[in-house]
Amino acid sequence: MASSSTSSEVFQSVTTGQHDLTLFQQLPVLAIVVPLLFAALITIVHKRNFALIITQTVSFAVFIASLLLFFELQQKPEIIYYLGGWKSPYGISLHLDLLNGFVGLLVGLIAAVSSTFLPQLLQKEIPYSKFPLFCTAFLLCLAGLMGITYTGDAFNIFVFLEITSLSSYALIAMGRDRRALTASYQYLIMGTIGATFILIGIGFLYAMTGSLNIADIHLRLADKLDSNTVKTAFAFITVGIALKAAVFPLHLWLNNAYSFAPSVVSAFIAATSTKVSVYLFFRFFFTLFGYEQSFGNIELGWILIPLSILGIFFGTYKALYVTDVKSLLASSSVAQVGYMTLGIGLATQTSLAGSVVHLFNHGLMKGLLFLSIAGFLIHAKGSLLTQLSGLGKIYPLLGVGMTVGGLSLIGVPLTAGFTGKLLLLQATINQGHYLIVAFILLASVGALFYVWRFLQMIWFGEINEADQQAQQEWLRQDAFSWSGSPLNAFALISLIALIIANIAFGIFTTETVFIADQIAKALIGAPL
Amino acid sequence: MTWFDYYLLLPWVASLYCLVTYKRPKARDIGIITLSIITAILALTHISELYNGELSRHLVTLIPNVSLGLQVEPIGATFALVASGLWPLAQLFAIGYMRGNNEANQSRFYIFYTAAIGTALLIAFAGDLLSLFVFYELMTVLTFPLVAHKGNEAAKNGARTYLAVLMTSSILFFLFVVISVWGIQGSFAFAPEGVLAGKVSPLITMLLYTACILGVGKAALMPVHRWLPAAMVAPTPVSALLHAVAVVKAGVFTVIKVTVYVFGIDWLAETGGNLPILYLASFTLVCASVVALQKQNLKARLAYSTISQLAYVVLAAALVSTGSIAIALYQLVAHAFAKITLFFCAGAIYTSQHKSEIKDLKGLGKAMPFTFAAFAIGAFSIIGLPPFAGLYTKWGLIDLATAEHSWLLIVLLLSTILNVIYLMPIPAMAFFQKSATAPTTMQEAPLLCLVPLLITAGLTTAMFFCAPWVIEYLNQVLRPA
């Protein structure tokens with residue numbers, strides 16, 4: 001600031017001067033603050049039904065907010081919300097563009113859909129007394145994820161990352177199996193290392209630039225890109241996010257965390273948490289460091305592509321032999337994250353678009369698969385393949401959910417999973433990497449076999465006596481017997497919505513691909 | 001909506017109709033028969049429109065510049081005519097068989113049966129390579145419940161092999177070629193003279209062509225033929241559908257189509273990229289016949305006979321000239337008629353006598369004279385005797401072989417001898433051997449089974465008389481203008 005200016009001039013120059021924002025303009029911050037506040041309220045009130053209703057309402061509110069913001073972003077390139085009215089490099093800002101609007105929409109959608117399954121969880125997996133605390137953790141996790149997604153501030157990312165992580169450690173530890181505790185502990189150690197790495201990286205960047213705002217750091221880095229500090233920061237941040245995103249070989253925490261968590265938590269975390277971490281890759285590599293730095297000077301592709309391929313290979317391979325369905329899906333997540341990072345590693349417009357599309361669609365299919373399993377688990381003893389034997393015949397709708405999700409996971413044409421893979425394949429052959437094409441196809445065959453493993457079990461397996469009795473017992477008690485599945489009306493509607501979404505996003509792809517293409521263009525061409 | 005849209009939609013309508021009439025068998029059966037007859041009539045009354053190749057449809061856009069679509073051309077038109085023309089007969093037979101044997105879950109069966117026919121039409125008209133692949137996979141998935149229909153351990157194992165072999169081969173090899181072609185020419189489009197000419201080296205052409213034909217597992221070239229005998233666990237109408245109308249024909253049709261429209265017959269002839277497949281097809285042709293000899297189960301023997309007969313189509317296609325493509329197409333049609341007759345007979349014998357082993361057929365000629373007469377006609381046609389359809393295939397192949405690959409004459413001769421040895425004993429045993437247990441009175445299968453097989457036997461004979469004209473016509477429409 002010029003030394004001659006008065007303090008009020010300084011104040012005016014660093015504030016927006018807007019005090020009369022409409023509710024709509026407050027949406028970005030509301031999507032984060034509302035779940036945060038209500039999480040606290042639930043702990044204070046500590047009533048089961050109150051907790052349930054608040055959690056569901058808030059999740060849907062966040063979903064609607066993210067949807068409105070996403071539509072708003074179709075009209076204008078970016079929405080910037082200055083917290084407290086302080087202008088960008090001085091205060092903290094939320095910075096929305098098409099990319100994080102899209103990811104935010106996924107988080108909101110999955111949160112809303114998962115929250116409809118909470119009553120089932122209450123019946124089966126969580127003791128009544130702990131349910132309000134569970135809901136608190138759930139909302140905190142949601143607030144954290146929305147925060148990571150929407151914020152334009154690098155340090156804020158770390159803060160929200162910690163909120164998300166701490167609440168998800170608690171959520172995972174509430175699994176009914178005692179192994180959930182060790183799984184959560186394992187995740188805690190790895191997650192803390194990851195978060196610390198990210199913090200160190202951000203610290204270095206702050207030391208170099210004196211700024212924490214992502215767009216601002218990008219501008220200030222322009223003449224410092226060759227410095228070793230910046231390169232070290234790059235390395236720390238890459239490894240830190242890779243840990244959070246479960247990129248091979250830093251994926252070891254993921255399997256147990258997904259397998260032993262309560263089933264709704266598995267659905268919520270599997271469909272959002274790794275996706276948000278992959279989003280952070282985009283944000284840091286392209287917006288903060290810039291395409292030139294990440295793929296020109298540092299040549300990130302050389303490390304990211306081989307690791308992605310190894311991830312795809314080991315994820316698929318493991319999914320072929322594990323005996324627990326949730327563990328199988330977790331392993332397949334490692335493989336699917338591999339596809340997304342492969343798209344980032346190739347770093348062309350098509351591959352990035354493919355990566356973005358796959359990120360969104362994979363959220364949809366993993367959400368569907370884990371929620372279907374959550375439905376099965378209301379009556380089934382456990383999620384071992386043999387324990388799900390024949391359940392598709394008893395609960396056909398859940399079986400259809402597993403089938404559609406599974407087909408989408410393989411990447412069968414006209415399901416959601418196909419579009420992203422097709423774009424990735426296009427990007428790969430455009431660069432002439434035929435070996436990678438062959439590899440992706442091999443992995444698809446692998447996916448075919450592991451999906452076949454559970455589909456065969458649920459459709460053609462022998463029906464378990466106990467399962468049959470459990471269903472009949474329940475049919476006697478419950479009014480919603482027409483569906484043949486032990487879900488309430490809301491959960492059924494959201495399950496059907498996810499099934500339709502998994503097919504619709506495979507057939508009507510023009511819109512998603514267009515948006516992804518816009519995003520990719522923005523990432524490569526003109527950073528914020 | 002023109003007649004073409006209705007034509008494409010009718011099988012799917014039939015499928016939905018079965019879903020609606022799930023619990024009303026009478027309404028269901030009358031409905032699908034009617035729909036199948038309308039479909040056949042629509043196709044037969046619009047032959048000229050199908051062959052002039054101006055119909056096309058855009059279905060969905062997957063990503064920018066990549067979409068699924070339909071484009072009618074002569075090769076596809078021929079396949080579609082076979083599929084939709086034989087559908088009413090196969091449907092009549094299926095109803096007779098399923099009722100005669102009191103099979104369970106008949107409605108579910110017809111839902112997928114009709115859907116498979118609908119998919120066959122989509123495959124026939126697939127407008128580009130990706131559409132062809134997508135519909136090809138759709139066929140695999142939709143026929144899976146048919147193969148597993150009985151639901152016992154054997155059916156499940158067979159169906160698993162069916163799915164595993166077809167899916168693995170198609171994704172690993174066929175899809176790889178599809179994507180490579182995409183990379184090479186930048187689109188999935190077909191072109192009348194092929195799209196690869198001059199863009200890749202002869203070695204790559206050879207590798208891609210070999211991978212592609214092996215990837216099209218439905219053509220059952222050895223060593224990817226394992227699924228076909230495995231699929232024999234299905235009820236016989238499915239075997240008839242699989243082996244004569246839809247699945248294997250979709251396979252060899254795909255082979256012909258990619259040979260012409262992707263690789264290009266001139267380019268293949270110029271680079272010699274067809275040679276590995278030519279040898280492999282010859283090998284399969286003889287080898288499958290030898291295996292067929294050792295099979296004592298009627299359907300298993302017919303299955304290996306199918307593998308051998310499909311190799312004729314692939315062989316003809318791999319000889320890469322306009323004339324050979326016409327012969328390949330002709331064999332596709334001729335074999336469809338003959339083989340569907342044979343499978344209908346096998347089904348009729350099972351329905352009426354519950355016999356499926358060849359040794360049990362002794363002396364049954366008295367009880368089922370019409371069925372075994374039809375069987376003999378089908379067998380004669382496969383062997384290549386006049387006056388039956390199969391003769392012209394062998395004739396045409398001999399004609400083509402003499403020019404360049406004279407060794408093929410030996411292959412053809414050997415295969416014909418083997419055909420005689422493994423097929424002729426069956427009607428001969430039935431008519432001329434005596435058996436104490438065989439019934440002496442007429443015990444034909446129900447009319448719904450008997451009539452279709454007599455019609456197809458008639459068609460096999462009729463085809464002989466119009467064969468020169470058909471081949472001439474095919475030659476004409478295939479020659480690029």
# chains A, B, ... in the order shown; residues from 1 in each chain; ligands from 1

call {"tool": "interface_residues", "arguments": {"of": "chain B", "to": "chain A", "cutoff": "10 Å", "atoms": "only C-alpha atoms", "output": "JSON, numbers by chain"}}
result
{"B": [59, 60, 61, 62, 63, 64, 66, 130, 131, 133, 134, 135, 137, 138, 151, 152, 156, 160, 163, 164, 167, 168, 169, 170, 171, 172, 173, 175, 176, 177, 179, 180, 181, 182, 183, 184, 186]}

call {"tool": "write_last_selection", "arguments": {"atoms": "N, CA and C atoms", "output": "mmCIF file, in the first residue's frame"}}
result
data_model
loop_
_atom_site.group_PDB
_atom_site.id
_atom_site.type_symbol
_atom_site.label_atom_id
_atom_site.label_comp_id
_atom_site.auth_asym_id
_atom_site.auth_seq_id
_atom_site.Cartn_x
_atom_site.Cartn_y
_atom_site.Cartn_z
ATOM 1 N N LEU B 59 -27.961 -42.942 -33.621
ATOM 2 C CA LEU B 59 -28.578 -43.357 -32.353
ATOM 3 C C LEU B 59 -28.199 -42.447 -31.184
ATOM 4 N N VAL B 60 -26.985 -42.553 -30.699
ATOM 5 C CA VAL B 60 -26.576 -41.656 -29.610
ATOM 6 C C VAL B 60 -25.163 -41.153 -29.855
ATOM 7 N N THR B 61 -24.871 -39.978 -29.350
ATOM 8 C CA THR B 61 -23.514 -39.452 -29.392
ATOM 9 C C THR B 61 -22.856 -39.774 -28.058
ATOM 10 N N LEU B 62 -21.713 -40.462 -28.122
ATOM 11 C CA LEU B 62 -21.049 -40.847 -26.879
ATOM 12 C C LEU B 62 -20.116 -39.754 -26.393
ATOM 13 N N ILE B 63 -19.168 -39.384 -27.233
ATOM 14 C CA ILE B 63 -18.339 -38.218 -26.946
ATOM 15 C C ILE B 63 -18.264 -37.484 -28.280
ATOM 16 N N PRO B 64 -17.800 -36.232 -28.298
ATOM 17 C CA PRO B 64 -17.793 -35.512 -29.571
ATOM 18 C C PRO B 64 -17.141 -36.342 -30.681
ATOM 19 N N VAL B 66 -17.820 -39.158 -31.770
ATOM 20 C CA VAL B 66 -17.975 -40.601 -31.627
ATOM 21 C C VAL B 66 -19.422 -40.891 -31.288
ATOM 22 N N LEU B 130 -17.272 -48.968 -34.017
ATOM 23 C CA LEU B 130 -17.599 -48.959 -32.589
ATOM 24 C C LEU B 130 -19.007 -49.500 -32.362
ATOM 25 N N SER B 131 -19.955 -49.065 -33.205
ATOM 26 C CA SER B 131 -21.325 -49.573 -33.073
ATOM 27 C C SER B 131 -21.327 -51.083 -33.215
ATOM 28 N N PHE B 133 -18.968 -53.151 -32.545
ATOM 29 C CA PHE B 133 -18.441 -53.756 -31.326
ATOM 30 C C PHE B 133 -19.469 -53.725 -30.194
ATOM 31 N N VAL B 134 -20.102 -52.571 -30.026
ATOM 32 C CA VAL B 134 -21.057 -52.422 -28.923
ATOM 33 C C VAL B 134 -22.203 -53.413 -29.067
ATOM 34 N N PHE B 135 -22.757 -53.521 -30.277
ATOM 35 C CA PHE B 135 -23.885 -54.424 -30.482
ATOM 36 C C PHE B 135 -23.448 -55.886 -30.360
ATOM 37 N N GLU B 137 -21.154 -56.989 -28.357
ATOM 38 C CA GLU B 137 -21.089 -57.296 -26.922
ATOM 39 C C GLU B 137 -22.481 -57.435 -26.328
ATOM 40 N N LEU B 138 -23.386 -56.581 -26.814
ATOM 41 C CA LEU B 138 -24.756 -56.629 -26.311
ATOM 42 C C LEU B 138 -25.344 -58.014 -26.564
ATOM 43 N N GLY B 151 -30.479 -73.486 -15.500
ATOM 44 C CA GLY B 151 -30.182 -73.093 -14.125
ATOM 45 C C GLY B 151 -29.493 -74.159 -13.294
ATOM 46 N N ASN B 152 -29.210 -75.343 -13.860
ATOM 47 C CA ASN B 152 -28.479 -76.343 -13.067
ATOM 48 C C ASN B 152 -26.971 -76.094 -13.183
ATOM 49 N N LYS B 156 -24.902 -73.563 -15.699
ATOM 50 C CA LYS B 156 -24.148 -72.408 -15.201
ATOM 51 C C LYS B 156 -22.695 -72.455 -15.660
ATOM 52 N N ARG B 160 -20.899 -69.858 -18.086
ATOM 53 C CA ARG B 160 -19.725 -69.119 -17.629
ATOM 54 C C ARG B 160 -18.622 -69.184 -18.678
ATOM 55 N N LEU B 163 -19.562 -66.895 -21.589
ATOM 56 C CA LEU B 163 -19.340 -65.479 -21.339
ATOM 57 C C LEU B 163 -17.850 -65.161 -21.265
ATOM 58 N N ALA B 164 -17.114 -65.996 -20.554
ATOM 59 C CA ALA B 164 -15.705 -65.697 -20.322
ATOM 60 C C ALA B 164 -14.931 -65.680 -21.632
ATOM 61 N N MET B 167 -16.253 -62.724 -24.009
ATOM 62 C CA MET B 167 -15.932 -61.388 -23.509
ATOM 63 C C MET B 167 -14.428 -61.134 -23.535
ATOM 64 N N THR B 168 -13.673 -62.114 -23.026
ATOM 65 C CA THR B 168 -12.232 -61.907 -22.953
ATOM 66 C C THR B 168 -11.652 -61.697 -24.339
ATOM 67 N N SER B 169 -12.002 -62.589 -25.276
ATOM 68 C CA SER B 169 -11.409 -62.459 -26.604
ATOM 69 C C SER B 169 -11.817 -61.138 -27.236
ATOM 70 N N SER B 170 -13.082 -60.754 -27.059
ATOM 71 C CA SER B 170 -13.516 -59.549 -27.759
ATOM 72 C C SER B 170 -12.904 -58.297 -27.154
ATOM 73 N N ILE B 171 -12.773 -58.260 -25.832
ATOM 74 C CA ILE B 171 -12.199 -57.044 -25.249
ATOM 75 C C ILE B 171 -10.698 -56.969 -25.521
ATOM 76 N N LEU B 172 -10.014 -58.106 -25.326
ATOM 77 C CA LEU B 172 -8.557 -58.071 -25.476
ATOM 78 C C LEU B 172 -8.133 -57.841 -26.921
ATOM 79 N N PHE B 173 -8.798 -58.523 -27.861
ATOM 80 C CA PHE B 173 -8.319 -58.444 -29.240
ATOM 81 C C PHE B 173 -9.191 -57.571 -30.133
ATOM 82 N N LEU B 175 -11.566 -55.360 -29.409
ATOM 83 C CA LEU B 175 -11.616 -53.956 -28.995
ATOM 84 C C LEU B 175 -10.268 -53.280 -29.216
ATOM 85 N N PHE B 176 -9.194 -54.043 -29.007
ATOM 86 C CA PHE B 176 -7.876 -53.460 -29.253
ATOM 87 C C PHE B 176 -7.754 -53.030 -30.713
ATOM 88 N N VAL B 177 -8.222 -53.898 -31.622
ATOM 89 C CA VAL B 177 -8.155 -53.548 -33.037
ATOM 90 C C VAL B 177 -9.062 -52.360 -33.325
ATOM 91 N N ILE B 179 -9.860 -49.957 -31.385
ATOM 92 C CA ILE B 179 -9.233 -48.716 -30.917
ATOM 93 C C ILE B 179 -8.015 -48.359 -31.757
ATOM 94 N N SER B 180 -7.272 -49.393 -32.183
ATOM 95 C CA SER B 180 -6.120 -49.106 -33.037
ATOM 96 C C SER B 180 -6.575 -48.455 -34.339
ATOM 97 N N VAL B 181 -7.658 -48.987 -34.915
ATOM 98 C CA VAL B 181 -8.160 -48.412 -36.157
ATOM 99 C C VAL B 181 -8.592 -46.972 -35.921
ATOM 100 N N TRP B 182 -9.181 -46.749 -34.766
ATOM 101 C CA TRP B 182 -9.569 -45.388 -34.378
ATOM 102 C C TRP B 182 -8.336 -44.489 -34.358
ATOM 103 N N GLY B 183 -7.261 -45.011 -33.750
ATOM 104 C CA GLY B 183 -6.034 -44.230 -33.690
ATOM 105 C C GLY B 183 -5.451 -43.984 -35.070
ATOM 106 N N ILE B 184 -5.537 -45.014 -35.950
ATOM 107 C CA ILE B 184 -4.886 -44.906 -37.249
ATOM 108 C C ILE B 184 -5.638 -43.945 -38.170
ATOM 109 N N GLY B 186 -8.419 -42.038 -37.151
ATOM 110 C CA GLY B 186 -9.031 -40.890 -36.486
ATOM 111 C C GLY B 186 -10.528 -40.963 -36.341
#

call {"tool": "residues_around", "arguments": {"residues": "Val147 in chain B", "least_positions_apart": "3", "cutoff": "8 Å", "atoms": "only C-alpha atoms", "output": "list in words"}}
result
Thr143, Phe144, Lys150, Ala155, Gly158, Ala159, Ala231, Met232, Val233, Ala234, Pro235 and Val238 of chain B

call {"tool": "write_last_selection", "arguments": {"atoms": "all heavy atoms", "output": "PDB file, in the first residue's frame"}}
result
ATOM      1  N   THR B 143     -27.593 -63.086 -24.741  1.00  0.00           N
ATOM      2  CA  THR B 143     -27.789 -64.520 -24.951  1.00  0.00           C
ATOM      3  C   THR B 143     -27.323 -65.335 -23.750  1.00  0.00           C
ATOM      4  O   THR B 143     -27.642 -66.511 -23.642  1.00  0.00           O
ATOM      5  CB  THR B 143     -27.038 -65.007 -26.204  1.00  0.00           C
ATOM      6  OG1 THR B 143     -25.745 -64.436 -26.207  1.00  0.00           O
ATOM      7  CG2 THR B 143     -27.776 -64.629 -27.462  1.00  0.00           C
ATOM      8  N   PHE B 144     -26.593 -64.667 -22.846  1.00  0.00           N
ATOM      9  CA  PHE B 144     -26.116 -65.392 -21.670  1.00  0.00           C
ATOM     10  C   PHE B 144     -27.249 -66.048 -20.867  1.00  0.00           C
ATOM     11  O   PHE B 144     -27.170 -67.231 -20.542  1.00  0.00           O
ATOM     12  CB  PHE B 144     -25.280 -64.456 -20.792  1.00  0.00           C
ATOM     13  CG  PHE B 144     -24.968 -65.007 -19.450  1.00  0.00           C
ATOM     14  CD1 PHE B 144     -23.992 -65.973 -19.303  1.00  0.00           C
ATOM     15  CD2 PHE B 144     -25.679 -64.601 -18.335  1.00  0.00           C
ATOM     16  CE1 PHE B 144     -23.721 -66.511 -18.065  1.00  0.00           C
ATOM     17  CE2 PHE B 144     -25.418 -65.125 -17.090  1.00  0.00           C
ATOM     18  CZ  PHE B 144     -24.432 -66.091 -16.967  1.00  0.00           C
ATOM     19  N   LYS B 150     -31.411 -73.412 -18.058  1.00  0.00           N
ATOM     20  CA  LYS B 150     -31.853 -74.515 -17.199  1.00  0.00           C
ATOM     21  C   LYS B 150     -31.512 -74.301 -15.742  1.00  0.00           C
ATOM     22  O   LYS B 150     -32.143 -74.865 -14.853  1.00  0.00           O
ATOM     23  CB  LYS B 150     -31.260 -75.837 -17.687  1.00  0.00           C
ATOM     24  CG  LYS B 150     -32.064 -76.379 -18.858  1.00  0.00           C
ATOM     25  CD  LYS B 150     -31.680 -77.783 -19.227  1.00  0.00           C
ATOM     26  CE  LYS B 150     -32.550 -78.278 -20.366  1.00  0.00           C
ATOM     27  NZ  LYS B 150     -31.860 -79.233 -21.208  1.00  0.00           N
ATOM     28  N   ALA B 155     -25.494 -76.079 -16.693  1.00  0.00           N
ATOM     29  CA  ALA B 155     -25.876 -74.891 -17.472  1.00  0.00           C
ATOM     30  C   ALA B 155     -25.075 -73.685 -17.020  1.00  0.00           C
ATOM     31  O   ALA B 155     -24.600 -72.898 -17.838  1.00  0.00           O
ATOM     32  CB  ALA B 155     -27.368 -74.613 -17.314  1.00  0.00           C
ATOM     33  N   GLY B 158     -21.488 -74.022 -18.296  1.00  0.00           N
ATOM     34  CA  GLY B 158     -21.439 -73.769 -19.732  1.00  0.00           C
ATOM     35  C   GLY B 158     -21.569 -72.285 -20.016  1.00  0.00           C
ATOM     36  O   GLY B 158     -20.813 -71.715 -20.812  1.00  0.00           O
ATOM     37  N   ALA B 159     -22.525 -71.660 -19.344  1.00  0.00           N
ATOM     38  CA  ALA B 159     -22.763 -70.238 -19.583  1.00  0.00           C
ATOM     39  C   ALA B 159     -21.565 -69.407 -19.162  1.00  0.00           C
ATOM     40  O   ALA B 159     -21.231 -68.410 -19.789  1.00  0.00           O
ATOM     41  CB  ALA B 159     -24.002 -69.790 -18.826  1.00  0.00           C
ATOM     42  N   ALA B 231     -21.841 -73.910 -24.937  1.00  0.00           N
ATOM     43  CA  ALA B 231     -23.182 -73.314 -24.989  1.00  0.00           C
ATOM     44  C   ALA B 231     -24.247 -74.339 -25.337  1.00  0.00           C
ATOM     45  O   ALA B 231     -25.433 -74.027 -25.359  1.00  0.00           O
ATOM     46  CB  ALA B 231     -23.200 -72.177 -26.000  1.00  0.00           C
ATOM     47  N   MET B 232     -23.809 -75.591 -25.611  1.00  0.00           N
ATOM     48  CA  MET B 232     -24.765 -76.626 -25.993  1.00  0.00           C
ATOM     49  C   MET B 232     -25.678 -77.059 -24.848  1.00  0.00           C
ATOM     50  O   MET B 232     -26.623 -77.802 -25.052  1.00  0.00           O
ATOM     51  CB  MET B 232     -24.013 -77.868 -26.485  1.00  0.00           C
ATOM     52  CG  MET B 232     -23.585 -77.750 -27.897  1.00  0.00           C
ATOM     53  SD  MET B 232     -25.000 -77.523 -28.936  1.00  0.00           S
ATOM     54  CE  MET B 232     -24.428 -76.266 -29.991  1.00  0.00           C
ATOM     55  N   VAL B 233     -25.371 -76.578 -23.624  1.00  0.00           N
ATOM     56  CA  VAL B 233     -26.229 -76.946 -22.504  1.00  0.00           C
ATOM     57  C   VAL B 233     -27.589 -76.267 -22.610  1.00  0.00           C
ATOM     58  O   VAL B 233     -28.533 -76.634 -21.933  1.00  0.00           O
ATOM     59  CB  VAL B 233     -25.588 -76.561 -21.150  1.00  0.00           C
ATOM     60  CG1 VAL B 233     -24.358 -77.381 -20.901  1.00  0.00           C
ATOM     61  CG2 VAL B 233     -25.268 -75.076 -21.116  1.00  0.00           C
ATOM     62  N   ALA B 234     -27.676 -75.285 -23.483  1.00  0.00           N
ATOM     63  CA  ALA B 234     -28.921 -74.528 -23.606  1.00  0.00           C
ATOM     64  C   ALA B 234     -30.003 -75.402 -24.244  1.00  0.00           C
ATOM     65  O   ALA B 234     -29.701 -76.402 -24.895  1.00  0.00           O
ATOM     66  CB  ALA B 234     -28.681 -73.291 -24.455  1.00  0.00           C
ATOM     67  N   PRO B 235     -31.293 -75.037 -24.055  1.00  0.00           N
ATOM     68  CA  PRO B 235     -32.353 -75.754 -24.758  1.00  0.00           C
ATOM     69  C   PRO B 235     -32.124 -75.684 -26.272  1.00  0.00           C
ATOM     70  O   PRO B 235     -31.535 -74.717 -26.761  1.00  0.00           O
ATOM     71  CB  PRO B 235     -33.616 -74.974 -24.378  1.00  0.00           C
ATOM     72  CG  PRO B 235     -33.270 -74.235 -23.148  1.00  0.00           C
ATOM     73  CD  PRO B 235     -31.805 -73.973 -23.191  1.00  0.00           C
ATOM     74  N   VAL B 238     -32.431 -72.583 -28.520  1.00  0.00           N
ATOM     75  CA  VAL B 238     -31.334 -71.631 -28.385  1.00  0.00           C
ATOM     76  C   VAL B 238     -30.177 -72.075 -29.255  1.00  0.00           C
ATOM     77  O   VAL B 238     -29.561 -71.277 -29.960  1.00  0.00           O
ATOM     78  CB  VAL B 238     -30.878 -71.525 -26.925  1.00  0.00           C
ATOM     79  CG1 VAL B 238     -29.698 -70.604 -26.819  1.00  0.00           C
ATOM     80  CG2 VAL B 238     -32.011 -71.046 -26.076  1.00  0.00           C
TER      81      VAL B 238
END

call {"tool": "residues_around", "arguments": {"residues": "range 239-253 of chain B", "least_positions_apart": "3", "cutoff": "6 Å", "atoms": "only C-alpha atoms", "output": "PyMOL selection string"}}
result
chain B and resi 83+120+218-219+236+256+336+339-340+343

call {"tool": "write_last_selection", "arguments": {"atoms": "all heavy atoms", "output": "short mmCIF file (atom, residue, chain, number, x, y, z; two decimals), in the first residue's frame"}}
result
data_model
loop_
_atom_site.label_atom_id
_atom_site.label_comp_id
_atom_site.auth_asym_id
_atom_site.auth_seq_id
_atom_site.Cartn_x
_atom_site.Cartn_y
_atom_site.Cartn_z
N ALA B 83 -31.58 -63.38 -40.62
CA ALA B 83 -32.03 -63.37 -39.23
C ALA B 83 -33.53 -63.15 -39.13
O ALA B 83 -34.23 -63.89 -38.44
CB ALA B 83 -31.28 -62.28 -38.46
N ALA B 120 -29.36 -58.80 -33.29
CA ALA B 120 -28.78 -59.29 -34.55
C ALA B 120 -29.02 -58.27 -35.65
O ALA B 120 -28.14 -57.99 -36.48
CB ALA B 120 -29.39 -60.63 -34.92
N LYS B 218 -17.11 -65.06 -31.70
CA LYS B 218 -18.35 -65.69 -32.15
C LYS B 218 -18.17 -66.44 -33.45
O LYS B 218 -18.98 -67.29 -33.80
CB LYS B 218 -19.45 -64.64 -32.29
CG LYS B 218 -19.92 -64.08 -30.97
CD LYS B 218 -21.22 -63.32 -31.14
CE LYS B 218 -21.78 -62.88 -29.82
NZ LYS B 218 -21.33 -61.57 -29.40
N ALA B 219 -17.11 -66.10 -34.20
CA ALA B 219 -16.86 -66.83 -35.44
C ALA B 219 -16.24 -68.20 -35.14
O ALA B 219 -16.08 -69.03 -36.03
CB ALA B 219 -15.94 -66.04 -36.36
N THR B 236 -32.59 -76.68 -27.02
CA THR B 236 -32.28 -76.77 -28.44
C THR B 236 -32.71 -75.54 -29.26
O THR B 236 -31.98 -75.16 -30.17
CB THR B 236 -32.90 -78.03 -29.04
OG1 THR B 236 -32.59 -79.09 -28.16
CG2 THR B 236 -32.31 -78.32 -30.39
N ILE B 256 -16.69 -60.89 -42.06
CA ILE B 256 -16.81 -60.43 -43.44
C ILE B 256 -16.80 -58.90 -43.49
O ILE B 256 -16.12 -58.28 -44.30
CB ILE B 256 -18.13 -60.95 -44.07
CG1 ILE B 256 -18.14 -62.48 -44.08
CG2 ILE B 256 -18.27 -60.43 -45.49
CD1 ILE B 256 -19.44 -63.06 -44.56
N ALA B 336 -26.97 -71.39 -42.71
CA ALA B 336 -28.06 -71.04 -41.80
C ALA B 336 -29.24 -71.98 -42.02
O ALA B 336 -29.77 -72.56 -41.09
CB ALA B 336 -28.48 -69.59 -41.99
N LYS B 339 -28.16 -75.75 -41.16
CA LYS B 339 -27.87 -76.05 -39.77
C LYS B 339 -29.10 -75.87 -38.88
O LYS B 339 -29.33 -76.60 -37.93
CB LYS B 339 -26.70 -75.19 -39.29
CG LYS B 339 -26.05 -75.58 -37.99
CD LYS B 339 -25.81 -77.07 -37.79
CE LYS B 339 -24.70 -77.74 -38.55
NZ LYS B 339 -23.37 -77.28 -38.29
N ILE B 340 -29.94 -74.90 -39.24
CA ILE B 340 -31.14 -74.72 -38.42
C ILE B 340 -32.04 -75.95 -38.59
O ILE B 340 -32.66 -76.42 -37.64
CB ILE B 340 -31.87 -73.40 -38.76
CG1 ILE B 340 -32.72 -72.96 -37.55
CG2 ILE B 340 -32.76 -73.53 -39.97
CD1 ILE B 340 -33.29 -71.57 -37.67
N PHE B 343 -30.60 -78.65 -36.33
CA PHE B 343 -30.89 -78.43 -34.91
C PHE B 343 -32.37 -78.60 -34.59
O PHE B 343 -32.72 -79.13 -33.54
CB PHE B 343 -30.40 -77.05 -34.46
CG PHE B 343 -28.99 -77.08 -34.00
CD1 PHE B 343 -27.98 -76.51 -34.74
CD2 PHE B 343 -28.65 -77.72 -32.81
CE1 PHE B 343 -26.67 -76.55 -34.32
CE2 PHE B 343 -27.34 -77.77 -32.39
CZ PHE B 343 -26.35 -77.20 -33.15
#

call {"tool": "residues_around", "arguments": {"residues": "Val58 in chain A", "least_positions_apart": "5", "cutoff": "9 Å", "atoms": "only C-alpha atoms", "output": "ChimeraX atom specification"}}
result
/A:34-35,38,53,63,112,139

call {"tool": "closest_residue", "arguments": {"among": "B:Cys287, B:Val451, B:Ala104, B:Leu8", "to": "Asn419 in chain B", "atoms": "only C-alpha atoms"}}
result
B:Cys287
